[in-house]
Amino acid sequence: DMTKFLPGAFGPAGPRPAELIGKLEAAYAEYWRCADECTRDGVLVDAAAVDAEAQALGMLKRCGVVQLKGGYDAELLGRVQRAIDTIAEKKSAYNKLVDRKQLHDGRFQVYLPFRAPFAERAAIGVSDLVLRVLDGYFDGRGFGIDHVSVLTSSSPSGNQSLHPDVPYFKGLTVSVHTALVDVTTEMGPTYFCPCTGEALRREDWPGSAAIKMTILKQKACFGPSFAPSFTSKGTVTIYDGAMFHQGLANGSGKDRPVLKLEVGAEGFPERRNYIQMAPSAGKKQTRLFREALGPPRMHHVQSKRS
């Protein structure tokens, strides 16, 4: 009897084993329904739709991932791409910002400098629509930037291992990835295990934790899962960092770059300390971004470098 072995662990009257098993079975059934629905119906939302915000927020809360087609302004994306190209041309500065330690399986990233055009919220992937979706997802809690970079999957590269970005609960870290090129199946899109990740609510945690441990043991999604067959340039993919996912192999002969932004609940980026292994220049630029685009809602402070 676990209630005797761990007094108080299950609340005042702790559940009996049969009751606990019943709850786990119900959680499993709900997980399967959720993952099947998200995989079958897809997670793509047209950013121009009248109810795009409601659709996207609902999708993100239920599936853990949503894609906003046309979520990034095309003219702005052109300016940002030219600025990224300029960084790559200046080898000395580029080499100080490039990071080949934190990623694996043929991936690397270049931390962006805190200057125009990147210093603007929209330029790093957070349009007004995306901001409202994030605000709804964090449910009024403060949130701000963790880090921003251009992540590239080189060709050829292999499958990443299945993983969450953070080994914690949902609602702490969210990734906002903007496709800088059209992404085909051959280029190794991100493969998602929807509806996974540990829940914050006490009553939902046992089931979500059991599903997480099963995935870790099997090293594979055991429920319905998917990878988008095509992601158009300018599509913004938003997903919870606690959800299991992996970058697939890129055998296209072309690199697959994405504008990678991660945002976190107030105080979490510092506790997570993702940039501990980043190059010193990357750490410096990240701190400048955090000062300008931090909690409570990625407010903008005009950069002196802009």
# chains A, B, ... in the order shown; residues from 1 in each chain; ligands from 1
>>> residues_around(residues="Phe192 of chain A", least_positions_apart="5", cutoff="6 Å", atoms="only C-alpha atoms", output="ChimeraX atom specification")
/A:225-226,245
>>> residues_around(residues="Met187 of chain A", least_positions_apart="4", cutoff="12 Å", atoms="only C-alpha atoms", output="number ranges by chain")
A: 152-159, 179, 181-183, 191, 227-231, 247-258
>>> residues_around(residues="segment 275-288 of chain A", least_positions_apart="2", cutoff="12 Å", atoms="only C-alpha atoms", output="ChimeraX atom specification")
/A:92-103,108-115,118-119,144-150,261-263,269-273,290-294,300-305
>>> atom_distance(atom1="atom CA of Asp204 of chain A", atom2="atom CA of Ile21 of chain A")
13.3 Å
>>> residues_around(residues="Arg79 of chain A", least_positions_apart="5", cutoff="10 Å", atoms="only C-alpha atoms", output="JSON, numbers by chain")
{"A": [74, 84, 85, 116, 117, 118, 123]}
>>> select_by_dssp(residues="segment 51-160 of chain A", states="alpha helix (DSSP H)", output="PDB file with N, CA and C atoms, in the first residue's frame")
ATOM      1  N   ALA A  52      -7.578  33.460 -36.577  1.00  0.00           N
ATOM      2  CA  ALA A  52      -6.262  32.815 -36.523  1.00  0.00           C
ATOM      3  C   ALA A  52      -5.742  32.697 -35.092  1.00  0.00           C
ATOM      4  N   GLU A  53      -5.916  33.741 -34.294  1.00  0.00           N
ATOM      5  CA  GLU A  53      -5.407  33.708 -32.922  1.00  0.00           C
ATOM      6  C   GLU A  53      -6.074  32.601 -32.112  1.00  0.00           C
ATOM      7  N   ALA A  54      -7.386  32.513 -32.185  1.00  0.00           N
ATOM      8  CA  ALA A  54      -8.120  31.493 -31.428  1.00  0.00           C
ATOM      9  C   ALA A  54      -7.752  30.095 -31.915  1.00  0.00           C
ATOM     10  N   GLN A  55      -7.666  29.925 -33.239  1.00  0.00           N
ATOM     11  CA  GLN A  55      -7.292  28.626 -33.794  1.00  0.00           C
ATOM     12  C   GLN A  55      -5.903  28.208 -33.326  1.00  0.00           C
ATOM     13  N   ALA A  56      -4.954  29.144 -33.443  1.00  0.00           N
ATOM     14  CA  ALA A  56      -3.562  28.832 -33.116  1.00  0.00           C
ATOM     15  C   ALA A  56      -3.389  28.531 -31.633  1.00  0.00           C
ATOM     16  N   LEU A  57      -4.019  29.334 -30.793  1.00  0.00           N
ATOM     17  CA  LEU A  57      -3.891  29.119 -29.349  1.00  0.00           C
ATOM     18  C   LEU A  57      -4.515  27.789 -28.940  1.00  0.00           C
ATOM     19  N   GLY A  58      -5.685  27.483 -29.494  1.00  0.00           N
ATOM     20  CA  GLY A  58      -6.330  26.212 -29.185  1.00  0.00           C
ATOM     21  C   GLY A  58      -5.488  25.029 -29.623  1.00  0.00           C
ATOM     22  N   MET A  59      -4.884  25.144 -30.817  1.00  0.00           N
ATOM     23  CA  MET A  59      -4.033  24.079 -31.340  1.00  0.00           C
ATOM     24  C   MET A  59      -2.796  23.891 -30.466  1.00  0.00           C
ATOM     25  N   LEU A  60      -2.178  25.000 -30.078  1.00  0.00           N
ATOM     26  CA  LEU A  60      -0.971  24.938 -29.261  1.00  0.00           C
ATOM     27  C   LEU A  60      -1.256  24.317 -27.899  1.00  0.00           C
ATOM     28  N   LYS A  61      -2.377  24.691 -27.296  1.00  0.00           N
ATOM     29  CA  LYS A  61      -2.726  24.144 -25.986  1.00  0.00           C
ATOM     30  C   LYS A  61      -3.036  22.655 -26.061  1.00  0.00           C
ATOM     31  N   ARG A  62      -3.714  22.240 -27.111  1.00  0.00           N
ATOM     32  CA  ARG A  62      -4.112  20.828 -27.209  1.00  0.00           C
ATOM     33  C   ARG A  62      -2.987  19.959 -27.759  1.00  0.00           C
ATOM     34  N   CYS A  63      -2.406  20.355 -28.877  1.00  0.00           N
ATOM     35  CA  CYS A  63      -1.418  19.512 -29.554  1.00  0.00           C
ATOM     36  C   CYS A  63       0.007  19.747 -29.075  1.00  0.00           C
ATOM     37  N   ALA A  74       6.608  38.985 -45.341  1.00  0.00           N
ATOM     38  CA  ALA A  74       7.534  38.637 -46.419  1.00  0.00           C
ATOM     39  C   ALA A  74       8.592  39.709 -46.644  1.00  0.00           C
ATOM     40  N   GLU A  75       8.189  40.996 -46.608  1.00  0.00           N
ATOM     41  CA  GLU A  75       9.168  42.074 -46.824  1.00  0.00           C
ATOM     42  C   GLU A  75      10.202  42.097 -45.701  1.00  0.00           C
ATOM     43  N   LEU A  76       9.751  41.935 -44.461  1.00  0.00           N
ATOM     44  CA  LEU A  76      10.660  41.913 -43.318  1.00  0.00           C
ATOM     45  C   LEU A  76      11.596  40.715 -43.405  1.00  0.00           C
ATOM     46  N   LEU A  77      11.064  39.582 -43.843  1.00  0.00           N
ATOM     47  CA  LEU A  77      11.893  38.388 -43.955  1.00  0.00           C
ATOM     48  C   LEU A  77      13.018  38.587 -44.959  1.00  0.00           C
ATOM     49  N   GLY A  78      12.739  39.321 -46.024  1.00  0.00           N
ATOM     50  CA  GLY A  78      13.780  39.630 -46.998  1.00  0.00           C
ATOM     51  C   GLY A  78      14.889  40.458 -46.384  1.00  0.00           C
ATOM     52  N   ARG A  79      14.519  41.470 -45.595  1.00  0.00           N
ATOM     53  CA  ARG A  79      15.527  42.312 -44.937  1.00  0.00           C
ATOM     54  C   ARG A  79      16.337  41.516 -43.925  1.00  0.00           C
ATOM     55  N   VAL A  80      15.666  40.659 -43.183  1.00  0.00           N
ATOM     56  CA  VAL A  80      16.353  39.842 -42.178  1.00  0.00           C
ATOM     57  C   VAL A  80      17.303  38.854 -42.845  1.00  0.00           C
ATOM     58  N   GLN A  81      16.879  38.262 -43.955  1.00  0.00           N
ATOM     59  CA  GLN A  81      17.742  37.320 -44.655  1.00  0.00           C
ATOM     60  C   GLN A  81      18.995  38.017 -45.172  1.00  0.00           C
ATOM     61  N   ARG A  82      18.839  39.230 -45.693  1.00  0.00           N
ATOM     62  CA  ARG A  82      20.017  39.965 -46.177  1.00  0.00           C
ATOM     63  C   ARG A  82      20.972  40.276 -45.027  1.00  0.00           C
ATOM     64  N   ALA A  83      20.422  40.589 -43.862  1.00  0.00           N
ATOM     65  CA  ALA A  83      21.255  40.868 -42.692  1.00  0.00           C
ATOM     66  C   ALA A  83      21.978  39.604 -42.224  1.00  0.00           C
ATOM     67  N   ILE A  84      21.292  38.457 -42.299  1.00  0.00           N
ATOM     68  CA  ILE A  84      21.920  37.182 -41.946  1.00  0.00           C
ATOM     69  C   ILE A  84      23.065  36.876 -42.914  1.00  0.00           C
ATOM     70  N   ASP A  85      22.831  37.121 -44.198  1.00  0.00           N
ATOM     71  CA  ASP A  85      23.871  36.893 -45.204  1.00  0.00           C
ATOM     72  C   ASP A  85      25.086  37.782 -44.946  1.00  0.00           C
ATOM     73  N   THR A  86      24.845  39.005 -44.511  1.00  0.00           N
ATOM     74  CA  THR A  86      25.940  39.935 -44.216  1.00  0.00           C
ATOM     75  C   THR A  86      26.797  39.418 -43.063  1.00  0.00           C
ATOM     76  N   ILE A  87      26.154  38.849 -42.044  1.00  0.00           N
ATOM     77  CA  ILE A  87      26.901  38.276 -40.921  1.00  0.00           C
ATOM     78  C   ILE A  87      27.817  37.164 -41.414  1.00  0.00           C
ATOM     79  N   ALA A  88      27.286  36.306 -42.276  1.00  0.00           N
ATOM     80  CA  ALA A  88      28.057  35.172 -42.785  1.00  0.00           C
ATOM     81  C   ALA A  88      29.255  35.627 -43.618  1.00  0.00           C
ATOM     82  N   GLU A  89      29.135  36.772 -44.262  1.00  0.00           N
ATOM     83  CA  GLU A  89      30.225  37.282 -45.105  1.00  0.00           C
ATOM     84  C   GLU A  89      31.381  37.836 -44.282  1.00  0.00           C
ATOM     85  N   LYS A  91      33.637  36.979 -41.811  1.00  0.00           N
ATOM     86  CA  LYS A  91      34.080  35.736 -41.201  1.00  0.00           C
ATOM     87  C   LYS A  91      34.540  35.889 -39.756  1.00  0.00           C
ATOM     88  N   SER A  92      35.234  36.952 -39.455  1.00  0.00           N
ATOM     89  CA  SER A  92      35.744  37.132 -38.093  1.00  0.00           C
ATOM     90  C   SER A  92      34.604  37.226 -37.083  1.00  0.00           C
ATOM     91  N   ALA A  93      33.610  38.083 -37.380  1.00  0.00           N
ATOM     92  CA  ALA A  93      32.462  38.242 -36.481  1.00  0.00           C
ATOM     93  C   ALA A  93      31.614  36.979 -36.470  1.00  0.00           C
ATOM     94  N   TYR A  94      31.466  36.347 -37.630  1.00  0.00           N
ATOM     95  CA  TYR A  94      30.678  35.123 -37.759  1.00  0.00           C
ATOM     96  C   TYR A  94      31.247  34.019 -36.875  1.00  0.00           C
ATOM     97  N   ASN A  95      32.564  33.850 -36.933  1.00  0.00           N
ATOM     98  CA  ASN A  95      33.205  32.779 -36.167  1.00  0.00           C
ATOM     99  C   ASN A  95      33.051  32.970 -34.663  1.00  0.00           C
ATOM    100  N   LYS A  96      32.873  34.212 -34.232  1.00  0.00           N
ATOM    101  CA  LYS A  96      32.681  34.477 -32.805  1.00  0.00           C
ATOM    102  C   LYS A  96      31.258  34.131 -32.357  1.00  0.00           C
ATOM    103  N   LEU A  97      30.326  34.104 -33.289  1.00  0.00           N
ATOM    104  CA  LEU A  97      28.922  33.865 -32.954  1.00  0.00           C
ATOM    105  C   LEU A  97      28.462  32.440 -33.244  1.00  0.00           C
ATOM    106  N   ASP A 128       2.660  40.588 -34.019  1.00  0.00           N
ATOM    107  CA  ASP A 128       1.601  40.866 -33.042  1.00  0.00           C
ATOM    108  C   ASP A 128       0.735  39.626 -32.823  1.00  0.00           C
ATOM    109  N   LEU A 129       0.465  38.879 -33.903  1.00  0.00           N
ATOM    110  CA  LEU A 129      -0.333  37.670 -33.786  1.00  0.00           C
ATOM    111  C   LEU A 129       0.388  36.636 -32.924  1.00  0.00           C
ATOM    112  N   VAL A 130       1.650  36.392 -33.211  1.00  0.00           N
ATOM    113  CA  VAL A 130       2.422  35.418 -32.436  1.00  0.00           C
ATOM    114  C   VAL A 130       2.511  35.849 -30.979  1.00  0.00           C
ATOM    115  N   LEU A 131       2.679  37.139 -30.737  1.00  0.00           N
ATOM    116  CA  LEU A 131       2.751  37.642 -29.365  1.00  0.00           C
ATOM    117  C   LEU A 131       1.455  37.341 -28.606  1.00  0.00           C
ATOM    118  N   ARG A 132       0.321  37.540 -29.256  1.00  0.00           N
ATOM    119  CA  ARG A 132      -0.963  37.271 -28.589  1.00  0.00           C
ATOM    120  C   ARG A 132      -1.131  35.776 -28.304  1.00  0.00           C
ATOM    121  N   VAL A 133      -0.669  34.945 -29.219  1.00  0.00           N
ATOM    122  CA  VAL A 133      -0.745  33.502 -28.998  1.00  0.00           C
ATOM    123  C   VAL A 133       0.141  33.107 -27.812  1.00  0.00           C
ATOM    124  N   LEU A 134       1.355  33.644 -27.761  1.00  0.00           N
ATOM    125  CA  LEU A 134       2.253  33.355 -26.641  1.00  0.00           C
ATOM    126  C   LEU A 134       1.673  33.849 -25.330  1.00  0.00           C
ATOM    127  N   ASP A 135       1.101  35.032 -25.359  1.00  0.00           N
ATOM    128  CA  ASP A 135       0.504  35.600 -24.150  1.00  0.00           C
ATOM    129  C   ASP A 135      -0.615  34.700 -23.638  1.00  0.00           C
ATOM    130  N   GLY A 136      -1.429  34.184 -24.556  1.00  0.00           N
ATOM    131  CA  GLY A 136      -2.498  33.290 -24.160  1.00  0.00           C
ATOM    132  C   GLY A 136      -1.971  31.965 -23.640  1.00  0.00           C
ATOM    133  N   TYR A 137      -0.898  31.486 -24.240  1.00  0.00           N
ATOM    134  CA  TYR A 137      -0.343  30.198 -23.824  1.00  0.00           C
ATOM    135  C   TYR A 137       0.292  30.277 -22.441  1.00  0.00           C
TER     136      TYR A 137
END
>>> residues_around(residues="Pro206 of chain A", least_positions_apart="3", cutoff="12 Å", atoms="only C-alpha atoms", output="PyMOL selection string")
chain A and resi 10+15+20-28+197-203+209-213
>>> closest_residue(among="A:Leu44, A:Val66, A:Cys221, A:Ala29", to="Thr237 of chain A", atoms="only C-alpha atoms")
A:Val66
>>> atom_distance(atom1="atom CA of Val174 of chain A", atom2="atom CA of Gly42 of chain A")
19.3 Å
>>> decode(residues="segment 121-133 of chain A", atoms="all heavy atoms", output="PDB file, in the first residue's frame")
ATOM      1  N   ARG A 121      11.128  43.010 -32.206  1.00  0.00           N
ATOM      2  CA  ARG A 121      10.418  41.782 -31.834  1.00  0.00           C
ATOM      3  C   ARG A 121       9.936  41.002 -33.057  1.00  0.00           C
ATOM      4  O   ARG A 121      10.116  39.777 -33.140  1.00  0.00           O
ATOM      5  CB  ARG A 121       9.247  42.134 -30.911  1.00  0.00           C
ATOM      6  CG  ARG A 121       8.278  41.000 -30.662  1.00  0.00           C
ATOM      7  CD  ARG A 121       7.279  41.335 -29.595  1.00  0.00           C
ATOM      8  NE  ARG A 121       6.522  42.554 -29.813  1.00  0.00           N
ATOM      9  CZ  ARG A 121       5.507  42.687 -30.656  1.00  0.00           C
ATOM     10  NH1 ARG A 121       5.146  41.671 -31.419  1.00  0.00           N
ATOM     11  NH2 ARG A 121       4.860  43.828 -30.758  1.00  0.00           N
ATOM     12  N   ALA A 122       9.343  41.697 -34.017  1.00  0.00           N
ATOM     13  CA  ALA A 122       8.805  41.019 -35.199  1.00  0.00           C
ATOM     14  C   ALA A 122       9.906  40.360 -36.022  1.00  0.00           C
ATOM     15  O   ALA A 122       9.683  39.327 -36.661  1.00  0.00           O
ATOM     16  CB  ALA A 122       8.020  42.003 -36.058  1.00  0.00           C
ATOM     17  N   ALA A 123      11.110  40.942 -35.998  1.00  0.00           N
ATOM     18  CA  ALA A 123      12.204  40.427 -36.811  1.00  0.00           C
ATOM     19  C   ALA A 123      12.695  39.066 -36.332  1.00  0.00           C
ATOM     20  O   ALA A 123      13.249  38.290 -37.118  1.00  0.00           O
ATOM     21  CB  ALA A 123      13.365  41.419 -36.819  1.00  0.00           C
ATOM     22  N   ILE A 124      12.491  38.745 -35.061  1.00  0.00           N
ATOM     23  CA  ILE A 124      12.944  37.445 -34.557  1.00  0.00           C
ATOM     24  C   ILE A 124      11.795  36.430 -34.494  1.00  0.00           C
ATOM     25  O   ILE A 124      11.914  35.376 -33.874  1.00  0.00           O
ATOM     26  CB  ILE A 124      13.638  37.575 -33.193  1.00  0.00           C
ATOM     27  CG1 ILE A 124      12.745  38.262 -32.164  1.00  0.00           C
ATOM     28  CG2 ILE A 124      14.952  38.333 -33.354  1.00  0.00           C
ATOM     29  CD1 ILE A 124      13.354  38.301 -30.761  1.00  0.00           C
ATOM     30  N   GLY A 125      10.675  36.778 -35.151  1.00  0.00           N
ATOM     31  CA  GLY A 125       9.591  35.812 -35.306  1.00  0.00           C
ATOM     32  C   GLY A 125       8.337  36.082 -34.516  1.00  0.00           C
ATOM     33  O   GLY A 125       7.376  35.314 -34.598  1.00  0.00           O
ATOM     34  N   VAL A 126       8.323  37.179 -33.737  1.00  0.00           N
ATOM     35  CA  VAL A 126       7.168  37.436 -32.878  1.00  0.00           C
ATOM     36  C   VAL A 126       6.372  38.623 -33.406  1.00  0.00           C
ATOM     37  O   VAL A 126       6.541  39.775 -32.968  1.00  0.00           O
ATOM     38  CB  VAL A 126       7.593  37.671 -31.408  1.00  0.00           C
ATOM     39  CG1 VAL A 126       6.364  37.814 -30.508  1.00  0.00           C
ATOM     40  CG2 VAL A 126       8.441  36.506 -30.916  1.00  0.00           C
ATOM     41  N   SER A 127       5.510  38.345 -34.365  1.00  0.00           N
ATOM     42  CA  SER A 127       4.579  39.360 -34.862  1.00  0.00           C
ATOM     43  C   SER A 127       3.545  39.634 -33.780  1.00  0.00           C
ATOM     44  O   SER A 127       3.513  38.965 -32.734  1.00  0.00           O
ATOM     45  CB  SER A 127       3.874  38.831 -36.120  1.00  0.00           C
ATOM     46  OG  SER A 127       3.096  37.685 -35.778  1.00  0.00           O
ATOM     47  N   ASP A 128       2.660  40.588 -34.019  1.00  0.00           N
ATOM     48  CA  ASP A 128       1.601  40.866 -33.042  1.00  0.00           C
ATOM     49  C   ASP A 128       0.735  39.626 -32.823  1.00  0.00           C
ATOM     50  O   ASP A 128       0.318  39.343 -31.692  1.00  0.00           O
ATOM     51  CB  ASP A 128       0.734  42.036 -33.511  1.00  0.00           C
ATOM     52  CG  ASP A 128       1.475  43.368 -33.451  1.00  0.00           C
ATOM     53  OD1 ASP A 128       2.529  43.431 -32.781  1.00  0.00           O
ATOM     54  OD2 ASP A 128       0.997  44.339 -34.074  1.00  0.00           O
ATOM     55  N   LEU A 129       0.465  38.879 -33.903  1.00  0.00           N
ATOM     56  CA  LEU A 129      -0.333  37.670 -33.786  1.00  0.00           C
ATOM     57  C   LEU A 129       0.388  36.636 -32.924  1.00  0.00           C
ATOM     58  O   LEU A 129      -0.203  36.045 -32.012  1.00  0.00           O
ATOM     59  CB  LEU A 129      -0.629  37.089 -35.170  1.00  0.00           C
ATOM     60  CG  LEU A 129      -1.287  35.698 -35.200  1.00  0.00           C
ATOM     61  CD1 LEU A 129      -2.624  35.709 -34.472  1.00  0.00           C
ATOM     62  CD2 LEU A 129      -1.449  35.221 -36.645  1.00  0.00           C
ATOM     63  N   VAL A 130       1.650  36.392 -33.211  1.00  0.00           N
ATOM     64  CA  VAL A 130       2.422  35.418 -32.436  1.00  0.00           C
ATOM     65  C   VAL A 130       2.511  35.849 -30.979  1.00  0.00           C
ATOM     66  O   VAL A 130       2.394  35.020 -30.059  1.00  0.00           O
ATOM     67  CB  VAL A 130       3.831  35.224 -33.041  1.00  0.00           C
ATOM     68  CG1 VAL A 130       4.714  34.375 -32.122  1.00  0.00           C
ATOM     69  CG2 VAL A 130       3.741  34.585 -34.428  1.00  0.00           C
ATOM     70  N   LEU A 131       2.679  37.139 -30.737  1.00  0.00           N
ATOM     71  CA  LEU A 131       2.751  37.642 -29.365  1.00  0.00           C
ATOM     72  C   LEU A 131       1.455  37.341 -28.606  1.00  0.00           C
ATOM     73  O   LEU A 131       1.491  36.910 -27.441  1.00  0.00           O
ATOM     74  CB  LEU A 131       3.015  39.150 -29.361  1.00  0.00           C
ATOM     75  CG  LEU A 131       3.141  39.796 -27.973  1.00  0.00           C
ATOM     76  CD1 LEU A 131       4.377  39.267 -27.249  1.00  0.00           C
ATOM     77  CD2 LEU A 131       3.192  41.319 -28.095  1.00  0.00           C
ATOM     78  N   ARG A 132       0.321  37.540 -29.256  1.00  0.00           N
ATOM     79  CA  ARG A 132      -0.963  37.271 -28.589  1.00  0.00           C
ATOM     80  C   ARG A 132      -1.131  35.776 -28.304  1.00  0.00           C
ATOM     81  O   ARG A 132      -1.664  35.395 -27.251  1.00  0.00           O
ATOM     82  CB  ARG A 132      -2.129  37.789 -29.441  1.00  0.00           C
ATOM     83  CG  ARG A 132      -2.180  39.307 -29.563  1.00  0.00           C
ATOM     84  CD  ARG A 132      -3.518  39.775 -30.127  1.00  0.00           C
ATOM     85  NE  ARG A 132      -3.790  39.265 -31.453  1.00  0.00           N
ATOM     86  CZ  ARG A 132      -3.418  39.860 -32.583  1.00  0.00           C
ATOM     87  NH1 ARG A 132      -2.744  41.009 -32.537  1.00  0.00           N
ATOM     88  NH2 ARG A 132      -3.737  39.336 -33.761  1.00  0.00           N
ATOM     89  N   VAL A 133      -0.669  34.945 -29.219  1.00  0.00           N
ATOM     90  CA  VAL A 133      -0.745  33.502 -28.998  1.00  0.00           C
ATOM     91  C   VAL A 133       0.141  33.107 -27.812  1.00  0.00           C
ATOM     92  O   VAL A 133      -0.272  32.329 -26.936  1.00  0.00           O
ATOM     93  CB  VAL A 133      -0.329  32.727 -30.270  1.00  0.00           C
ATOM     94  CG1 VAL A 133      -0.206  31.229 -29.976  1.00  0.00           C
ATOM     95  CG2 VAL A 133      -1.334  32.965 -31.388  1.00  0.00           C
TER      96      VAL A 133
END
